[in-house]
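*Asks:* You'll find coords.cif just under this line, and it carries mmCIF, C-alpha atoms.
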```cif
data_upload
#
loop_
_atom_site.label_atom_id
_atom_site.label_comp_id
_atom_site.auth_asym_id
_atom_site.auth_seq_id
_atom_site.Cartn_x
_atom_site.Cartn_y
_atom_site.Cartn_z
CA MET A 1 53.20 114.70 133.76
CA PRO A 2 51.41 111.34 134.34
CA ASP A 3 48.98 112.18 131.52
CA SER A 4 51.93 112.89 129.22
CA LYS A 5 53.52 109.55 130.09
CA ALA A 6 50.25 107.72 129.48
CA SER A 7 49.89 109.49 126.13
CA ILE A 8 53.35 108.34 125.06
CA LEU A 9 52.65 104.75 126.12
CA ASN A 10 49.41 104.77 124.13
CA LYS A 11 51.35 105.64 120.98
CA ILE A 12 53.69 102.66 121.39
CA PRO A 13 52.07 99.77 119.46
CA ILE A 14 53.55 97.08 121.72
CA SER A 15 51.18 95.16 123.96
CA GLU A 16 53.59 92.71 125.58
CA ILE A 17 57.00 91.08 125.23
CA LYS A 18 57.13 87.41 126.19
CA ASP A 19 58.56 84.11 124.95
CA ASN A 20 61.19 86.10 123.00
CA VAL A 21 58.35 87.57 120.93
CA VAL A 22 56.94 91.09 120.59
CA LEU A 23 53.12 91.11 120.74
CA LEU A 24 51.53 94.14 119.11
CA LYS A 25 48.23 95.69 120.13
CA ASP A 26 46.62 94.58 116.86
CA GLY A 27 47.43 90.92 117.64
CA ALA A 28 50.39 90.62 115.28
CA LEU A 29 53.75 89.19 116.38
CA ARG A 30 57.31 90.32 115.76
CA GLY A 31 60.56 88.42 116.15
CA ILE A 32 63.90 90.21 116.19
CA LEU A 33 67.21 88.84 114.93
CA MET A 34 70.64 90.33 115.53
CA THR A 35 73.33 89.80 112.93
CA ASN A 36 76.91 90.83 112.33
CA SER A 37 78.32 92.57 109.27
CA LEU A 38 80.71 91.67 106.46
CA ASN A 39 83.77 93.68 105.54
CA PHE A 40 82.52 93.87 101.98
CA SER A 41 85.15 96.36 100.76
CA LEU A 42 87.99 93.95 101.58
CA LYS A 43 86.49 91.18 99.46
CA SER A 44 87.72 90.53 95.93
CA THR A 45 85.50 91.50 93.01
CA ASP A 46 84.47 87.88 92.47
CA GLU A 47 83.64 87.46 96.16
CA GLN A 48 81.61 90.66 96.16
CA ASP A 49 79.65 89.51 93.11
CA ALA A 50 78.99 86.11 94.69
CA ILE A 51 77.77 87.68 97.93
CA THR A 52 75.57 90.13 96.03
CA TYR A 53 73.94 87.37 93.95
CA ARG A 54 73.39 85.15 97.00
CA TYR A 55 71.82 88.05 98.87
CA GLN A 56 69.61 88.82 95.88
CA ASP A 57 68.48 85.18 95.72
CA PHE A 58 67.79 85.21 99.46
CA LEU A 59 65.59 88.32 99.22
CA ASN A 60 63.73 86.93 96.20
CA SER A 61 63.01 83.71 98.11
CA LEU A 62 61.14 85.53 100.88
CA ASP A 63 57.34 85.47 100.73
CA PHE A 64 56.97 87.82 103.69
CA PRO A 65 58.31 91.32 104.44
CA ILE A 66 61.26 92.03 106.71
CA GLN A 67 62.65 95.21 108.21
CA ILE A 68 66.40 95.81 108.49
CA LEU A 69 67.40 98.12 111.34
CA SER A 70 70.84 99.65 111.86
CA VAL A 71 71.51 101.17 115.29
CA THR A 72 74.63 103.19 116.11
CA ARG A 73 75.47 103.76 119.75
CA ARG A 74 78.19 105.57 121.63
CA TYR A 75 80.30 103.39 123.90
CA ASP A 76 80.40 104.18 127.61
CA ILE A 77 83.95 103.38 128.73
CA SER A 78 83.53 104.48 132.35
CA ASP A 79 83.56 100.88 133.61
CA TYR A 80 86.68 100.19 131.55
CA ILE A 81 88.45 103.22 133.02
CA THR A 82 87.44 102.13 136.54
CA MET A 83 88.85 98.68 135.87
CA LEU A 84 92.16 100.13 134.68
CA GLU A 85 92.45 102.34 137.73
CA GLN A 86 91.71 99.37 139.94
CA LYS A 87 94.43 97.33 138.21
CA ARG A 88 96.85 100.19 138.66
CA GLY A 89 96.16 100.26 142.40
CA GLU A 90 96.73 96.51 142.66
CA GLN A 91 100.16 96.65 140.98
CA GLU A 92 103.26 96.50 143.14
CA ASN A 93 105.61 97.15 140.24
CA GLU A 94 106.06 100.91 139.89
CA LEU A 95 106.89 100.66 136.18
CA LEU A 96 103.63 98.83 135.48
CA LYS A 97 101.76 101.41 137.52
CA ILE A 98 103.20 104.18 135.36
CA GLN A 99 102.39 102.32 132.14
CA ILE A 100 98.79 101.67 133.20
CA SER A 101 98.42 105.29 134.26
CA GLU A 102 99.74 106.54 130.91
CA TYR A 103 97.48 104.15 129.03
CA THR A 104 94.45 105.28 131.07
CA ASP A 105 95.25 108.94 130.30
CA PHE A 106 95.60 108.05 126.61
CA ILE A 107 92.16 106.38 126.53
CA LYS A 108 90.56 109.32 128.35
CA GLY A 109 92.14 111.80 125.92
CA LEU A 110 91.13 109.73 122.91
CA THR A 111 87.48 109.58 123.96
CA GLN A 112 87.46 113.35 124.52
CA MET A 113 88.60 113.94 120.93
CA VAL A 114 86.43 111.36 119.17
CA ASN A 115 83.28 109.42 119.94
CA ILE A 116 83.79 105.67 120.04
CA MET A 117 80.78 104.25 118.23
CA SER A 118 79.46 100.77 117.57
CA THR A 119 76.87 99.71 115.02
CA PHE A 120 74.40 96.87 115.52
CA PHE A 121 72.22 95.28 112.85
CA TYR A 122 68.76 93.84 113.48
CA ILE A 123 66.15 92.11 111.33
CA ILE A 124 62.51 92.47 112.38
CA VAL A 125 60.29 89.63 111.17
CA PRO A 126 56.46 89.96 111.25
CA PHE A 127 53.73 87.38 111.59
CA SER A 128 49.97 87.99 111.80
CA GLN A 129 46.75 86.01 111.63
CA SER A 130 45.45 85.03 108.22
CA GLN A 131 42.22 86.57 106.98
CA GLU A 132 40.49 83.23 107.50
CA GLN A 133 41.47 83.19 111.18
CA GLN A 134 40.31 86.78 111.62
CA VAL A 135 36.92 86.02 110.03
CA ALA A 136 36.52 82.94 112.21
CA GLY A 137 37.31 84.94 115.33
CA PHE A 138 34.80 87.61 114.33
CA SER A 139 32.13 85.00 113.71
CA GLU A 140 32.64 83.49 117.15
CA LYS A 141 32.36 86.89 118.79
CA LEU A 142 28.99 87.41 117.08
CA THR A 143 27.58 84.15 118.38
CA GLY A 144 28.83 84.67 121.94
CA LEU A 145 28.83 80.89 122.43
CA PHE A 146 31.35 78.37 123.75
CA LYS A 147 33.46 80.88 125.69
CA ASN A 148 35.86 78.24 126.97
CA LYS A 149 36.44 76.95 123.47
CA ARG A 150 37.02 80.48 122.24
CA ASN A 151 39.65 81.05 124.92
CA ASP A 152 41.33 77.75 124.08
CA GLN A 153 41.34 78.64 120.41
CA ALA A 154 42.80 82.09 121.15
CA SER A 155 45.61 80.44 123.09
CA GLN A 156 46.13 77.91 120.35
CA THR A 157 46.17 80.68 117.74
CA TYR A 158 49.02 82.41 119.59
CA GLU A 159 51.01 79.18 119.76
CA GLU A 160 50.39 78.53 116.06
CA MET A 161 51.40 82.07 115.18
CA LYS A 162 54.54 81.81 117.30
CA SER A 163 55.40 78.54 115.58
CA GLY A 164 54.95 80.19 112.18
CA LEU A 165 57.08 83.13 113.27
CA TRP A 166 59.82 80.79 114.47
CA GLN A 167 59.84 79.05 111.09
CA ARG A 168 60.44 82.41 109.42
CA LEU A 169 63.23 83.28 111.85
CA GLU A 170 64.97 79.97 111.28
CA TYR A 171 64.63 80.38 107.52
CA ILE A 172 66.31 83.79 107.68
CA ILE A 173 69.09 82.45 109.92
CA SER A 174 69.74 79.68 107.41
CA GLY A 175 69.65 82.05 104.45
CA LEU A 176 72.04 84.57 106.00
CA SER A 177 74.46 81.85 107.08
CA ALA A 178 75.00 81.14 103.37
CA LEU A 179 76.30 84.72 103.13
CA GLY A 180 78.74 84.17 105.97
CA LEU A 181 76.63 86.05 108.51
CA LYS A 182 76.05 84.86 112.07
CA THR A 183 72.53 85.55 113.28
CA VAL A 184 70.87 85.04 116.67
CA ILE A 185 67.32 85.49 117.96
CA LEU A 186 66.99 88.13 120.66
CA ASN A 187 65.46 86.90 123.91
CA SER A 188 62.86 88.89 125.85
CA ASP A 189 65.41 90.75 128.00
CA GLU A 190 67.47 91.70 124.94
CA ILE A 191 64.34 92.93 123.15
CA LEU A 192 63.43 95.07 126.16
CA GLU A 193 66.93 96.53 126.20
CA LEU A 194 66.75 97.27 122.48
CA PHE A 195 63.48 99.16 122.81
CA TYR A 196 64.72 100.99 125.89
CA ARG A 197 67.72 102.26 123.95
CA MET A 198 65.56 103.08 120.92
CA TYR A 199 63.33 105.29 123.07
CA ASN A 200 66.33 106.64 125.03
CA PRO A 201 68.79 107.63 122.28
CA ASP A 202 71.16 109.29 124.76
CA ALA A 203 71.86 105.96 126.44
CA LYS A 204 75.42 104.77 125.88
CA GLU A 205 76.60 101.25 125.14
CA LYS A 206 78.76 99.55 127.72
CA ILE A 207 81.89 97.98 126.26
CA LYS A 208 81.26 94.79 128.19
CA MET A 209 77.88 94.40 126.43
CA GLU A 210 79.40 93.52 123.05
CA PRO A 211 77.41 90.39 122.03
CA GLN A 212 79.80 87.47 122.43
CA GLN A 213 77.66 85.01 120.49
CA LEU A 214 78.36 86.81 117.22
CA THR A 215 82.15 86.74 117.48
#
```
Mind converting the file's structure to structure tokens?
*Replies:*
Amino acid sequence: MPDSKASILNKIPISEIKDNVVLLKDGALRGILMTNSLNFSLKSTDEQDAITYRYQDFLNSLDFPIQILSVTRRYDISDYITMLEQKRGEQENELLKIQISEYTDFIKGLTQMVNIMSTFFYIIVPFSQSQEQQVAGFSEKLTGLFKNKRNDQASQTYEEMKSGLWQRLEYIISGLSALGLKTVILNSDEILELFYRMYNPDAKEKIKMEPQQLT
């Protein structure tokens, strides 16, 4: 069993998650944005055309690749049911107790008939060293000299790469805002949660975890 776990971990290309950044084993970085959606079907034809053209212009303006990820999760309403039952117990008015009880039974019955789902949208933005930086790093390794300088340069390279990644993230946030979309950068804890749920597809989404910053 431990060997199986180690084998799975070896196949995951992530080296570390820090500073709201995903560090890959090959040295590349990834930033992850979360965005909301537009109710495109309710827009007029002119509005739909305008949004389509703006989105097309936005994509054409990018000089780097992006990945768009759509994740659908089932809501876990157990905490919500517990809260309702607690409220029912706190009520002194018998009529309100009956109403809360009937509402709780309705929610339980509804979730037994249909799955309550929620969809989240993410944009993964890459950043990696340029070929010139990679050649320079390789040259330094061959010489084996100035170890302290090499360490300082490696640290500086990470900071420079993170700065370049942040510029890309901010550019995407600005571009999507022109489409009426609200976009936020995931922090380290949110990235960890995202990957946990990606590798544990049976995990359910808590209702209370709906991202407030996008509403």
*Asks:* Got a sec: who's within 12 Å of A:Glu16, counting all atoms listed in the file, leaving out chain neighbours fewer than 3 positions off, as a list in words?
*Replies:*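 Neighbouring residues, sequence-local ones excluded: Ile12, Pro13, Asp19, Asn20, Val21, Val22, Leu23, Leu24, Lys25, Asp26, Gly27, Ala28, Leu29, Arg30, Ser188, Ile191 and Leu192 of chain A.
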*Asks:* Quick one: write out the picked residues with C-alpha atoms as a PDB file, in the coordinates of the input?
*Replies:*
```pdb
ATOM      1  CA  ILE A  12      53.690 102.660 121.390  1.00  0.00           C
ATOM      2  CA  PRO A  13      52.070  99.770 119.460  1.00  0.00           C
ATOM      3  CA  ASP A  19      58.560  84.110 124.950  1.00  0.00           C
ATOM      4  CA  ASN A  20      61.190  86.100 123.000  1.00  0.00           C
ATOM      5  CA  VAL A  21      58.350  87.570 120.930  1.00  0.00           C
ATOM      6  CA  VAL A  22      56.940  91.090 120.590  1.00  0.00           C
ATOM      7  CA  LEU A  23      53.120  91.110 120.740  1.00  0.00           C
ATOM      8  CA  LEU A  24      51.530  94.140 119.110  1.00  0.00           C
ATOM      9  CA  LYS A  25      48.230  95.690 120.130  1.00  0.00           C
ATOM     10  CA  ASP A  26      46.620  94.580 116.860  1.00  0.00           C
ATOM     11  CA  GLY A  27      47.430  90.920 117.640  1.00  0.00           C
ATOM     12  CA  ALA A  28      50.390  90.620 115.280  1.00  0.00           C
ATOM     13  CA  LEU A  29      53.750  89.190 116.380  1.00  0.00           C
ATOM     14  CA  ARG A  30      57.310  90.320 115.760  1.00  0.00           C
ATOM     15  CA  SER A 188      62.860  88.890 125.850  1.00  0.00           C
ATOM     16  CA  ILE A 191      64.340  92.930 123.150  1.00  0.00           C
ATOM     17  CA  LEU A 192      63.430  95.070 126.160  1.00  0.00           C
TER      18      LEU A 192
END
```
*Asks:* Between A:Lys162, A:Arg54, A:Lys108, A:Lys43, single out the one closest to A:Ala178, counting all atoms listed in the file.
*Replies:*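 Residue with the minimum atom-to-atom distance to A:Ala178: A:Arg54.
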*Asks:* Residues picked by the PyMOL selection byres ((chain A and resi 179) around 12) here, as a PyMOL selection string?
*Replies:* chain A and resi 35-40+47-59+172-178+180-183
*Asks:* So which residues get picked by the PyMOL selection byres ((chain A and resi 195) around 12) here, written as a ChimeraX atom specification?
*Replies:* /A:12-14,17,22,32,71,122,186,188-194,196-201,203
*Asks:* Please report the interatomic distance between atom CA of A:Ile123 and atom CA of A:Asn60 in Å with one decimal.
*Replies:*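 Between atom CA of A:Ile123 and atom CA of A:Asn60 the gap is 16.2 Å.
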*Asks:* Rounded to one decimal in Å, what is the spacing between atom CA of A:Phe121 and atom CA of A:Leu62?
*Replies:*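 The value is 19.0 Å.
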*Asks:* From the options A:Lys18, A:Arg88, A:Lys11, A:Arg74, which residue's atoms come nearest to A:Tyr158, counting only C-alpha atoms?
*Replies:* A:Lys18
*Asks:* Fewer than 5 positions away in the same chain doesn't count, so skip those; otherwise give me all residues within 12 Å of A:Asp63, counting only C-alpha atoms, as a list in words.
*Replies:*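 My reading of the contact set: Phe58, Val125, Pro126, Phe127, Arg168, Tyr171 and Ile172 of chain A.
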*Asks:* Store the residues of this selection in a file with C-alpha atoms, as a PDB file, keeping the file's coordinate frame.
*Replies:*
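What follows is the written file result28.pdb:
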```
ATOM      1  CA  PHE A  58      67.790  85.210  99.460  1.00  0.00           C
ATOM      2  CA  VAL A 125      60.290  89.630 111.170  1.00  0.00           C
ATOM      3  CA  PRO A 126      56.460  89.960 111.250  1.00  0.00           C
ATOM      4  CA  PHE A 127      53.730  87.380 111.590  1.00  0.00           C
ATOM      5  CA  ARG A 168      60.440  82.410 109.420  1.00  0.00           C
ATOM      6  CA  TYR A 171      64.630  80.380 107.520  1.00  0.00           C
ATOM      7  CA  ILE A 172      66.310  83.790 107.680  1.00  0.00           C
TER       8      ILE A 172
END
```
*Asks:* Can you work out the spacing between atom CA of A:Thr104 and atom CA of A:Tyr75 in Å, to one decimal?
*Replies:*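 Result for atom CA of A:Thr104 versus atom CA of A:Tyr75: 16.0 Å, one decimal.
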*Asks:* Given the choices A:Phe120, A:Leu169, A:Ile100, A:Leu95, which gets closest to A:Met34 if the distance is worked out from all atoms listed in the file?
*Replies:*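 Looking at the shortest contact to A:Met34, the residue is A:Phe120.
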*Asks:* Carefully work through the PyMOL selection byres ((chain A and resi 81) around 12) for this structure and note down the residues it includes, as a VMD selection string.
*Replies:* chain A and resid 76 to 80 82 to 88 100 to 109 111 206 to 207
*Asks:* Would you mind listing what lies within 7 Å of A:Thr119 as number ranges by chain, with all atoms listed in the file counted and same-chain residues fewer than 5 positions away left out?
*Replies:* A: 70-73
*Asks:* Got time to write the residues from that selection, C-alpha atoms, as a tab-separated table (two decimals), in the frame of the given file?
*Replies:*
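Output file again.tsv is given in full below:
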```tsv
chain	number	residue	atom	x	y	z
A	70	SER	CA	70.84	99.65	111.86
A	71	VAL	CA	71.51	101.17	115.29
A	72	THR	CA	74.63	103.19	116.11
A	73	ARG	CA	75.47	103.76	119.75
```
*Asks:* Provide an axis-aligned box for all listed atoms of stretch 188-199 of chain A, padding each side by 5 Å; report its centre and its edge lengths in Å to one decimal, as JSON.
*Replies:*
```
{"center_x": 65.3, "center_y": 97.1, "center_z": 124.5, "size_x": 14.9, "size_y": 26.4, "size_z": 17.1}
```
